[in-house]
>>> print(open('final03.tsv').read())   # TSV, C-alpha atoms and all ligand atoms
chain	number	residue	atom	x	y	z
N	1	MET	CA	-4.64	13.32	11.43
N	2	THR	CA	-3.18	12.57	8.06
N	3	THR	CA	-4.90	13.63	4.90
N	4	ALA	CA	-5.38	9.98	3.94
N	5	SER	CA	-7.20	9.02	7.15
N	6	ASN	CA	-9.34	12.11	6.90
N	7	LYS	CA	-10.41	11.00	3.52
N	8	LEU	CA	-11.16	7.48	4.74
N	9	HIS	CA	-13.13	8.85	7.68
N	10	SER	CA	-15.33	11.00	5.53
N	11	LEU	CA	-15.87	8.14	3.10
N	12	ASN	CA	-16.88	5.70	5.86
N	13	SER	CA	-19.31	8.05	7.46
N	14	PHE	CA	-21.06	9.25	4.38
N	15	PRO	CA	-23.89	9.88	4.85
N	16	ARG	CA	-23.32	10.28	8.59
N	17	ILE	CA	-26.99	10.83	9.17
N	18	ARG	CA	-29.15	8.14	7.62
N	19	MET	CA	-32.85	8.95	7.87
N	20	ARG	CA	-33.64	5.48	6.62
N	21	ARG	CA	-32.29	3.77	9.79
N	22	ASN	CA	-35.47	4.58	11.71
N	23	ARG	CA	-37.58	3.45	8.79
N	24	MET	CA	-35.83	0.13	8.18
N	25	LYS	CA	-37.87	-2.13	10.45
N	26	ASN	CA	-41.53	-2.28	11.27
N	27	PHE	CA	-41.03	-2.03	15.05
N	28	SER	CA	-38.99	1.11	14.54
N	29	ARG	CA	-41.47	2.70	12.16
N	30	ARG	CA	-44.07	2.15	14.86
N	31	LEU	CA	-41.87	3.77	17.50
N	32	VAL	CA	-41.14	6.90	15.49
N	33	SER	CA	-44.62	7.52	14.07
N	34	GLU	CA	-45.83	10.98	15.06
N	35	ASN	CA	-49.56	10.65	14.46
N	36	THR	CA	-52.12	7.90	14.74
N	37	ILE	CA	-55.70	7.39	13.63
N	38	SER	CA	-58.15	6.16	16.22
N	39	THR	CA	-61.87	5.44	16.18
N	40	ASP	CA	-62.11	8.34	18.64
N	41	ASP	CA	-61.33	10.70	15.75
N	42	LEU	CA	-64.42	9.86	13.73
N	43	ILE	CA	-67.75	11.55	13.13
N	44	TYR	CA	-70.13	9.92	10.65
N	45	PRO	CA	-72.65	11.95	8.63
N	46	ILE	CA	-75.98	10.15	8.04
N	47	PHE	CA	-78.62	11.23	5.50
N	48	ILE	CA	-82.25	10.84	6.49
N	49	THR	CA	-85.20	10.82	4.13
N	50	PHE	CA	-89.00	10.84	4.38
N	51	GLY	CA	-91.25	7.85	3.76
N	52	ASN	CA	-90.85	4.22	4.74
N	53	ASN	CA	-88.59	1.31	4.02
N	54	LYS	CA	-86.12	3.42	2.06
N	55	LYS	CA	-82.39	2.91	1.82
N	56	GLU	CA	-81.74	5.01	-1.28
N	57	PRO	CA	-78.31	5.00	-2.86
N	58	ILE	CA	-76.98	8.50	-3.55
N	59	GLU	CA	-75.76	8.32	-7.10
N	60	SER	CA	-73.00	10.91	-6.78
N	61	MET	CA	-71.70	9.33	-3.54
N	62	PRO	CA	-71.13	5.62	-4.22
N	63	GLY	CA	-71.72	3.52	-1.11
N	64	ILE	CA	-73.71	6.22	0.75
N	65	HIS	CA	-77.48	6.01	1.29
N	66	ARG	CA	-80.39	8.01	2.56
N	67	PHE	CA	-82.34	6.17	5.25
N	68	SER	CA	-86.00	6.51	6.11
N	69	LEU	CA	-86.61	6.69	9.86
N	70	ASP	CA	-87.86	3.10	10.12
N	71	LEU	CA	-84.53	1.83	8.76
N	72	LEU	CA	-82.40	4.14	10.86
N	73	LYS	CA	-82.31	1.77	13.83
N	74	ASP	CA	-80.07	-0.76	12.08
N	75	GLU	CA	-77.67	1.93	10.96
N	76	ILE	CA	-77.41	3.38	14.48
N	77	GLU	CA	-76.79	-0.08	15.88
N	78	TYR	CA	-74.11	-0.71	13.28
N	79	ILE	CA	-72.33	2.60	14.00
N	80	SER	CA	-72.57	1.91	17.74
N	81	SER	CA	-71.05	-1.54	17.29
N	82	LEU	CA	-68.04	0.11	15.66
N	83	ASP	CA	-67.67	2.43	18.67
N	84	ILE	CA	-67.73	5.58	16.53
N	85	PRO	CA	-68.21	8.41	19.05
N	86	ALA	CA	-70.62	10.64	17.13
N	87	ILE	CA	-72.88	11.02	14.11
N	88	ALA	CA	-74.15	14.06	12.21
N	89	PHE	CA	-77.66	14.00	10.72
N	90	PHE	CA	-78.68	15.64	7.43
N	91	PRO	CA	-82.27	15.58	6.13
N	92	MET	CA	-83.81	15.31	2.70
N	93	ILE	CA	-87.38	16.51	3.15
N	94	GLN	CA	-90.34	16.44	0.76
N	95	GLN	CA	-90.37	19.22	-1.83
N	96	SER	CA	-93.88	20.07	-0.59
N	97	LEU	CA	-92.52	20.92	2.89
N	98	LYS	CA	-89.91	23.33	1.52
N	99	SER	CA	-90.77	27.00	1.72
N	100	SER	CA	-89.14	30.37	1.19
N	101	ASP	CA	-88.62	30.82	4.95
N	102	GLY	CA	-87.64	27.20	5.63
N	103	LYS	CA	-90.07	26.96	8.54
N	104	GLU	CA	-89.99	23.15	8.56
N	105	ALA	CA	-86.57	23.63	10.19
N	106	PHE	CA	-88.26	24.47	13.48
N	107	ASN	CA	-91.07	21.95	13.35
N	108	LYS	CA	-90.34	19.98	16.49
N	109	ASN	CA	-91.41	16.74	14.82
N	110	ASN	CA	-89.36	17.23	11.65
N	111	LEU	CA	-87.17	14.47	10.22
N	112	ILE	CA	-84.08	15.56	12.14
N	113	CYS	CA	-85.84	15.76	15.49
N	114	GLU	CA	-87.35	12.31	14.95
N	115	ALA	CA	-83.94	10.94	13.95
N	116	ILE	CA	-82.37	12.37	17.11
N	117	LYS	CA	-85.04	10.72	19.26
N	118	ILE	CA	-84.57	7.38	17.52
N	119	SER	CA	-80.80	7.53	17.89
N	120	LYS	CA	-81.02	8.46	21.56
N	121	SER	CA	-83.51	5.65	22.24
N	122	ILE	CA	-81.11	3.11	20.75
N	123	ASN	CA	-77.81	4.40	22.13
N	124	LYS	CA	-77.89	7.44	24.33
N	125	ASN	CA	-74.10	7.51	24.49
N	126	LEU	CA	-73.68	8.04	20.77
N	127	GLY	CA	-73.07	11.76	20.30
N	128	VAL	CA	-75.56	13.46	18.00
N	129	ILE	CA	-74.53	16.53	16.00
N	130	CYS	CA	-77.04	18.56	13.98
N	131	ASP	CA	-76.48	21.26	11.41
N	132	VAL	CA	-78.13	24.59	11.92
N	133	ALA	CA	-78.76	26.04	8.45
N	134	LEU	CA	-81.86	26.35	6.32
N	135	ASP	CA	-80.76	24.87	3.00
N	136	PRO	CA	-82.49	21.49	3.40
N	137	TYR	CA	-85.74	23.37	4.17
N	138	THR	CA	-85.84	26.32	1.76
N	139	ASP	CA	-87.38	26.07	-1.71
N	140	HIS	CA	-84.48	28.18	-3.03
N	141	GLY	CA	-81.78	25.98	-1.47
N	142	HIS	CA	-80.06	28.79	0.43
N	143	ASP	CA	-78.93	28.59	4.04
N	144	GLY	CA	-80.81	31.76	4.93
N	145	ILE	CA	-83.97	33.54	3.93
N	146	ILE	CA	-84.10	35.93	1.01
N	147	ILE	CA	-85.36	39.48	1.41
N	148	ASN	CA	-85.02	41.98	-1.46
N	149	ASP	CA	-83.03	39.44	-3.40
N	150	GLU	CA	-80.36	39.12	-0.68
N	151	ILE	CA	-79.81	36.51	2.01
N	152	ASP	CA	-80.94	38.48	5.05
N	153	ASN	CA	-78.57	37.94	7.95
N	154	ASP	CA	-80.60	39.12	10.91
N	155	GLN	CA	-83.97	37.69	9.87
N	156	THR	CA	-82.25	34.35	9.25
N	157	LEU	CA	-80.75	34.39	12.75
N	158	LYS	CA	-84.20	34.34	14.33
N	159	ILE	CA	-85.11	31.15	12.47
N	160	LEU	CA	-81.75	29.53	13.20
N	161	CYS	CA	-82.33	30.02	16.93
N	162	LYS	CA	-85.69	28.28	16.69
N	163	GLN	CA	-84.08	25.46	14.70
N	164	ALA	CA	-81.35	25.04	17.32
N	165	LEU	CA	-83.93	24.95	20.09
N	166	VAL	CA	-86.10	22.18	18.59
N	167	GLN	CA	-82.99	20.12	17.98
N	168	ALA	CA	-81.76	20.62	21.55
N	169	GLU	CA	-85.20	19.74	22.86
N	170	ALA	CA	-85.18	16.51	20.85
N	171	GLY	CA	-81.89	15.55	22.53
N	172	CYS	CA	-79.17	16.79	20.19
N	173	ASP	CA	-75.80	16.98	21.97
N	174	ILE	CA	-73.97	19.34	19.64
N	175	ILE	CA	-75.42	22.15	17.56
N	176	ALA	CA	-73.33	22.80	14.45
N	177	PRO	CA	-74.16	26.13	12.79
N	178	SER	CA	-73.17	25.76	9.14
N	179	ASP	CA	-74.99	28.75	7.70
N	180	MET	CA	-72.18	31.33	7.98
N	181	MET	CA	-74.50	34.16	9.03
N	182	ASP	CA	-72.79	36.82	11.14
N	183	GLY	CA	-73.46	36.63	14.86
N	184	ARG	CA	-75.11	33.25	14.77
N	185	VAL	CA	-72.97	31.49	17.34
N	186	GLY	CA	-73.60	34.15	20.00
N	187	ILE	CA	-77.32	34.38	19.42
N	188	ILE	CA	-77.73	30.58	19.35
N	189	ARG	CA	-75.67	30.28	22.56
N	190	ASP	CA	-77.97	32.81	24.25
N	191	ALA	CA	-81.10	31.07	22.97
N	192	LEU	CA	-79.85	27.70	24.25
N	193	ASP	CA	-78.83	29.09	27.62
N	194	ASN	CA	-82.08	30.97	28.11
N	195	ALA	CA	-84.00	27.76	27.47
N	196	GLY	CA	-81.87	25.83	29.96
N	197	TYR	CA	-79.71	23.99	27.42
N	198	ASN	CA	-76.46	25.24	28.95
N	199	ASP	CA	-74.70	21.95	28.35
N	200	VAL	CA	-75.52	21.62	24.67
N	201	GLN	CA	-72.25	22.17	22.85
N	202	ILE	CA	-71.67	24.35	19.80
N	203	MET	CA	-69.39	23.07	17.08
N	204	SER	CA	-69.37	25.90	14.59
N	205	TYR	CA	-68.48	25.60	10.97
N	206	GLY	CA	-66.04	28.41	11.71
N	207	ALA	CA	-64.39	28.58	8.36
N	208	LYS	CA	-66.68	27.31	5.67
N	209	TYR	CA	-65.75	28.09	2.10
N	210	ALA	CA	-68.00	28.64	-0.92
N	211	SER	CA	-66.77	25.42	-2.45
N	212	ALA	CA	-67.55	23.31	-5.49
N	213	PHE	CA	-66.67	20.27	-3.37
N	214	TYR	CA	-70.21	20.29	-1.86
N	215	GLY	CA	-71.83	19.33	-5.15
N	216	PRO	CA	-72.69	15.69	-4.31
N	217	PHE	CA	-74.07	16.71	-0.87
N	218	ARG	CA	-76.54	19.10	-2.46
N	219	ASP	CA	-77.63	16.18	-4.60
N	220	ALA	CA	-77.97	14.07	-1.44
N	221	ILE	CA	-80.27	16.53	0.34
N	222	GLY	CA	-82.00	17.67	-2.85
N	223	SER	CA	-81.04	21.35	-2.67
N	224	LEU	CA	-79.02	21.46	-5.86
N	225	GLY	CA	-81.52	22.44	-8.56
N	226	ASN	CA	-82.62	25.72	-7.08
N	227	LEU	CA	-79.23	27.28	-6.51
N	228	SER	CA	-78.40	27.94	-10.13
N	229	THR	CA	-79.27	31.64	-10.14
N	230	LYS	CA	-77.21	32.64	-7.14
N	231	GLY	CA	-74.29	30.95	-5.40
N	232	LYS	CA	-73.47	31.02	-1.71
N	233	GLN	CA	-70.58	33.52	-2.00
N	234	SER	CA	-72.34	36.25	-0.03
N	235	TYR	CA	-72.09	34.14	3.13
N	236	GLN	CA	-69.56	31.33	2.60
N	237	MET	CA	-65.89	32.28	2.39
N	238	ASP	CA	-63.81	33.03	-0.68
N	239	PRO	CA	-61.38	30.14	-1.34
N	240	SER	CA	-58.62	32.69	-1.91
N	241	ASN	CA	-58.68	33.85	1.72
N	242	SER	CA	-56.85	32.53	4.74
N	243	ASP	CA	-56.38	35.43	7.24
N	244	GLU	CA	-60.12	35.88	7.07
N	245	ALA	CA	-60.60	32.32	8.36
N	246	LEU	CA	-58.67	33.21	11.51
N	247	LYS	CA	-60.94	36.17	12.12
N	248	GLU	CA	-64.06	34.04	11.55
N	249	ILE	CA	-62.79	31.48	14.06
N	250	ALA	CA	-61.82	34.15	16.60
N	251	LEU	CA	-65.34	35.59	16.39
N	252	ASP	CA	-67.04	32.21	16.78
N	253	LEU	CA	-64.89	31.47	19.83
N	254	SER	CA	-65.65	34.85	21.37
N	255	GLU	CA	-69.36	34.16	20.84
N	256	GLY	CA	-69.14	30.82	22.62
N	257	ALA	CA	-68.18	28.08	20.14
N	258	ASP	CA	-66.75	25.05	21.97
N	259	MET	CA	-65.21	23.45	18.87
N	260	VAL	CA	-64.74	24.50	15.25
N	261	ILE	CA	-64.97	22.85	11.85
N	262	ILE	CA	-62.93	23.70	8.78
N	263	LYS	CA	-64.72	22.81	5.57
N	264	PRO	CA	-63.90	21.42	3.04
N	265	GLY	CA	-60.99	19.42	4.43
N	266	MET	CA	-58.15	18.29	2.23
N	267	PRO	CA	-58.00	21.36	-0.04
N	268	TYR	CA	-57.87	23.52	3.12
N	269	LEU	CA	-55.20	21.76	5.22
N	270	ASP	CA	-53.32	25.05	5.46
N	271	ILE	CA	-56.32	26.62	7.18
N	272	ILE	CA	-56.59	23.71	9.62
N	273	TYR	CA	-52.91	24.08	10.46
N	274	ARG	CA	-53.11	27.84	10.97
N	275	VAL	CA	-56.24	27.62	13.10
N	276	LYS	CA	-54.78	24.91	15.35
N	277	GLN	CA	-51.50	26.79	15.75
N	278	GLU	CA	-53.24	30.06	16.51
N	279	PHE	CA	-56.03	29.00	18.87
N	280	LYS	CA	-55.10	25.61	20.42
N	281	ILE	CA	-58.75	24.56	20.49
N	282	PRO	CA	-60.55	21.40	19.30
N	283	VAL	CA	-60.51	21.54	15.50
N	284	TYR	CA	-62.39	19.22	13.11
N	285	ALA	CA	-62.12	18.78	9.38
N	286	TYR	CA	-65.15	18.03	7.27
N	287	GLN	CA	-63.95	15.72	4.53
N	288	VAL	CA	-66.89	16.74	2.36
N	289	SER	CA	-68.98	14.92	-0.19
N	290	GLY	CA	-66.84	15.98	-3.17
N	291	GLU	CA	-63.67	14.74	-1.49
N	292	TYR	CA	-65.40	11.46	-0.73
N	293	SER	CA	-66.71	11.08	-4.27
N	294	MET	CA	-63.33	11.86	-5.85
N	295	ILE	CA	-61.57	9.26	-3.75
N	296	MET	CA	-64.37	6.73	-4.12
N	297	GLY	CA	-64.57	7.29	-7.88
N	298	ALA	CA	-60.88	6.55	-8.28
N	299	ILE	CA	-61.12	3.49	-6.01
N	300	LYS	CA	-64.03	2.19	-8.08
N	301	ASN	CA	-61.96	2.59	-11.23
N	302	GLY	CA	-59.15	0.61	-9.65
N	303	TRP	CA	-56.79	3.61	-9.64
N	304	PHE	CA	-56.23	3.70	-5.87
N	305	ASP	CA	-55.77	1.09	-3.18
N	306	GLU	CA	-58.91	1.57	-1.10
N	307	LYS	CA	-57.52	1.12	2.38
N	308	LYS	CA	-54.27	2.99	1.76
N	309	ILE	CA	-55.82	6.02	0.11
N	310	ILE	CA	-58.52	6.42	2.76
N	311	MET	CA	-56.12	6.07	5.67
N	312	GLU	CA	-53.64	8.48	4.08
N	313	SER	CA	-56.36	11.05	3.51
N	314	ILE	CA	-57.36	10.85	7.17
N	315	MET	CA	-53.76	10.94	8.40
N	316	ALA	CA	-53.28	14.23	6.55
N	317	PHE	CA	-55.93	15.78	8.80
N	318	LYS	CA	-54.28	14.45	11.94
N	319	ARG	CA	-50.89	15.76	10.84
N	320	ALA	CA	-52.37	19.19	10.15
N	321	GLY	CA	-53.68	19.29	13.71
N	322	CYS	CA	-57.24	17.99	13.66
N	323	ASN	CA	-58.79	16.47	16.77
N	324	GLY	CA	-61.27	14.66	14.59
N	325	ILE	CA	-62.71	14.27	11.13
N	326	ILE	CA	-66.28	14.31	9.87
N	327	THR	CA	-66.07	11.70	7.15
N	328	TYR	CA	-68.28	9.43	5.07
N	329	PHE	CA	-65.47	6.88	5.40
N	330	ALA	CA	-65.96	6.62	9.19
N	331	PRO	CA	-67.45	3.09	9.25
N	332	PHE	CA	-64.82	1.79	6.82
N	333	ILE	CA	-62.02	3.25	8.93
N	334	ALA	CA	-63.50	2.00	12.20
N	335	GLN	CA	-63.82	-1.46	10.66
N	336	GLN	CA	-60.19	-1.41	9.52
N	337	LEU	CA	-58.98	-0.31	12.95
N	338	LYS	CA	-61.04	-3.05	14.61
N	339	GLU	CA	-59.59	-5.69	12.31
N	340	SER	CA	-56.02	-4.51	12.81
N	341	LYS	CA	-56.44	-5.08	16.58
N	342	LYS	CA	-57.54	-8.70	16.15
K	1	LIG	C1	-75.46	22.96	4.67
K	1	LIG	C2	-74.30	22.05	4.53
K	1	LIG	C3	-73.57	21.73	3.38
K	1	LIG	C4	-72.69	20.72	3.74
K	1	LIG	C5	-72.88	20.47	5.10
K	1	LIG	N1	-73.86	21.32	5.59
K	1	LIG	C6	-73.69	22.18	1.97
K	1	LIG	C7	-73.60	23.59	1.64
K	1	LIG	O1	-73.21	24.45	2.42
K	1	LIG	O2	-73.95	23.89	0.50
K	1	LIG	C8	-71.74	20.02	2.83
K	1	LIG	C9	-71.32	18.67	3.26
K	1	LIG	C10	-70.69	17.86	2.19
K	1	LIG	O3	-70.48	18.34	1.06
K	1	LIG	O4	-70.38	16.69	2.47
K	1	LIG	N2	-75.23	24.26	4.97
>>> encode(input="final03.tsv", output="structure tokens", more="lines below")
Ligand code: PBG
Amino acid sequence: MTTASNKLHSLNSFPRIRMRRNRMKNFSRRLVSENTISTDDLIYPIFITFGNNKKEPIESMPGIHRFSLDLLKDEIEYISSLDIPAIAFFPMIQQSLKSSDGKEAFNKNNLICEAIKISKSINKNLGVICDVALDPYTDHGHDGIIINDEIDNDQTLKILCKQALVQAEAGCDIIAPSDMMDGRVGIIRDALDNAGYNDVQIMSYGAKYASAFYGPFRDAIGSLGNLSTKGKQSYQMDPSNSDEALKEIALDLSEGADMVIIKPGMPYLDIIYRVKQEFKIPVYAYQVSGEYSMIMGAIKNGWFDEKKIIMESIMAFKRAGCNGIITYFAPFIAQQLKESKK
């Protein structure tokens, strides 16, 4: 080849590889897309409150409400109509029922147990997930009980088992320990099995960080005020750690966890990715209250396009390896997906 034709050749073929070709047309973008969001990915958290005829807006979470049990029916029907596979209940109980040992947690007629029964009576196929942790029930707002000024691991475990059992008895499908006590998954698994609840699943909050992103949630369940003296750092993980998350997850799996949650979500995508790569198990992100409120706040100010920002935030979890996402945006997303099929 002559020098001249060489030159022409390299000019004509520059750049030889054009990444934009696959992106040029809509059909092609559809063909090359690596991840998709489906309604099957969604878990919706629902806040329950005491009393009657209440649908209370949660100030720090625009668009999210606490429902009294009598108004729960409509919400369950709405979620069912969107074909969302599962919900997660969180209670706000009366201050007068809160105690230092959180014993309302294992009252078999407590708010959560009643909510489970209502949900199951309306749609038994809607999966019900319930937290196991004492913070909605303790007067000090901690997930465990305090002995000698410390959260006592082993005494807390006994109460958590009782809490898991009343929830299973009420019909809960998935027990989600979110307390971060050591050994809780194993002891809850044993308690469930011994009581004949072999098929109740455990979705552990395997790696749960001591995060400021939970602020609005604590407002939602009314556990915020009491925590000022002591944070949750003695049981929830240090945001600076990542190897430790792998060990936490390995332990939960060895103790019998069927699925694991990483929480918060978006600030911890690296943890989600590492956990999925390492263990190849069902992994869920909890896009927590603070993430919701940040996104919602910016949408409300007109700084973000609502649909685009929500979908992008959820896609990030899919890309990182999540099988599903616990998100306050679940009904919005399900609605969008339904409309895009029309
Ligand atoms: C309770 C619990 C918390 C959340 C879920 N379960 C709060 C906490 O640990 O303080 C947070 C959920 C959210 O912020 O949306 N252990």
>>> closest_residue(input="final03.tsv", among="N:Ala250, N:Ala320, N:Ala212, N:Ala133", to="ligand LIG 1 (chain K)", atoms="all atoms listed in the file")
N:Ala133
>>> residues_near_point(input="final03.tsv", point="(-52.4, 32.8, 3.8)", cutoff="12 Å", atoms="all atoms listed in the file", output="list in words")
Pro239, Ser240, Asn241, Ser242, Asp243, Glu244, Ala245, Leu246, Tyr268, Leu269, Asp270, Ile271, Ile272, Tyr273, Arg274 and Val275 of chain N
>>> closest_atom_pairs(input="final03.tsv", of="chain N", to="ligand LIG 1 (chain K)", cutoff="7 Å", atoms="all atoms listed in the file", output="JSON lines")
{"residue": "N:Asp131", "atom": "CA", "partner": "K:LIG1", "partner_atom": "N1", "distance": 6.4}
{"residue": "N:Ala133", "atom": "CA", "partner": "K:LIG1", "partner_atom": "N2", "distance": 5.3}
{"residue": "N:Asp135", "atom": "CA", "partner": "K:LIG1", "partner_atom": "C1", "distance": 5.9}
{"residue": "N:Asp143", "atom": "CA", "partner": "K:LIG1", "partner_atom": "N2", "distance": 5.8}
{"residue": "N:Ser178", "atom": "CA", "partner": "K:LIG1", "partner_atom": "N2", "distance": 4.9}
{"residue": "N:Asp179", "atom": "CA", "partner": "K:LIG1", "partner_atom": "N2", "distance": 5.3}
{"residue": "N:Phe213", "atom": "CA", "partner": "K:LIG1", "partner_atom": "O3", "distance": 6.2}
{"residue": "N:Tyr214", "atom": "CA", "partner": "K:LIG1", "partner_atom": "O3", "distance": 3.5}
{"residue": "N:Gly215", "atom": "CA", "partner": "K:LIG1", "partner_atom": "O3", "distance": 6.4}
{"residue": "N:Pro216", "atom": "CA", "partner": "K:LIG1", "partner_atom": "O3", "distance": 6.4}
{"residue": "N:Phe217", "atom": "CA", "partner": "K:LIG1", "partner_atom": "O3", "distance": 4.4}
{"residue": "N:Arg218", "atom": "CA", "partner": "K:LIG1", "partner_atom": "C6", "distance": 6.1}
{"residue": "N:Gln287", "atom": "CA", "partner": "K:LIG1", "partner_atom": "O4", "distance": 6.8}
{"residue": "N:Val288", "atom": "CA", "partner": "K:LIG1", "partner_atom": "O4", "distance": 3.5}
{"residue": "N:Ser289", "atom": "CA", "partner": "K:LIG1", "partner_atom": "O4", "distance": 3.5}
{"residue": "N:Gly290", "atom": "CA", "partner": "K:LIG1", "partner_atom": "O3", "distance": 6.1}
>>> residues_around(input="final03.tsv", residues="His65 (chain N)", least_positions_apart="2", cutoff="7 Å", atoms="all atoms listed in the file", output="list of chain:residue names")
N:Phe47, N:Lys55, N:Glu56, N:Pro57, N:Ile58, N:Gly63, N:Phe67
>>> closest_residue(input="final03.tsv", among="N:Arg66, N:Lys208, N:Lys25, N:Arg184", to="Ser254 (chain N)", atoms="all atoms listed in the file")
N:Arg184
>>> residues_around(input="final03.tsv", residues="Asp154 (chain N)", least_positions_apart="6", cutoff="10 Å", atoms="only C-alpha atoms", output="VMD selection string")
chain N and resid 144 to 145 160 181 to 184
>>> atom_distance(input="final03.tsv", atom1="CA of Gly324 (chain N)", atom2="CA of Phe106 (chain N)")
28.7 Å
>>> atom_distance(input="final03.tsv", atom1="CA of Gly141 (chain N)", atom2="CA of Asp219 (chain N)")
11.1 Å
>>> atom_distance(input="final03.tsv", atom1="CA of Ile48 (chain N)", atom2="CA of Ser68 (chain N)")
5.7 Å
>>> closest_atom_pairs(input="final03.tsv", of="region 185-237 of chain N", to="region 258-266 of chain N", cutoff="7 Å", atoms="only C-alpha atoms", output="JSON lines")
{"residue": "N:Gln201", "atom": "CA", "partner": "N:Asp258", "partner_atom": "CA", "distance": 6.3}
{"residue": "N:Ile202", "atom": "CA", "partner": "N:Asp258", "partner_atom": "CA", "distance": 5.4}
{"residue": "N:Met203", "atom": "CA", "partner": "N:Met259", "partner_atom": "CA", "distance": 4.6}
{"residue": "N:Ser204", "atom": "CA", "partner": "N:Val260", "partner_atom": "CA", "distance": 4.9}
{"residue": "N:Tyr205", "atom": "CA", "partner": "N:Ile261", "partner_atom": "CA", "distance": 4.5}
{"residue": "N:Gly206", "atom": "CA", "partner": "N:Val260", "partner_atom": "CA", "distance": 5.4}
{"residue": "N:Ala207", "atom": "CA", "partner": "N:Ile262", "partner_atom": "CA", "distance": 5.1}
{"residue": "N:Lys208", "atom": "CA", "partner": "N:Lys263", "partner_atom": "CA", "distance": 4.9}
{"residue": "N:Tyr209", "atom": "CA", "partner": "N:Lys263", "partner_atom": "CA", "distance": 6.4}
>>> closest_residue(input="final03.tsv", among="N:Gln336, N:Phe14, N:Pro62, N:Lys318", to="Asn301 (chain N)", atoms="only C-alpha atoms")
N:Pro62
>>> closest_residue(input="final03.tsv", among="N:Asn123, N:Ile221, N:Asn35, N:Ile64", to="Phe50 (chain N)", atoms="all atoms listed in the file")
N:Ile221
>>> closest_residue(input="final03.tsv", among="N:Ile249, N:Met311, N:Met24, N:Cys113", to="Gln335 (chain N)", atoms="all atoms listed in the file")
N:Met311
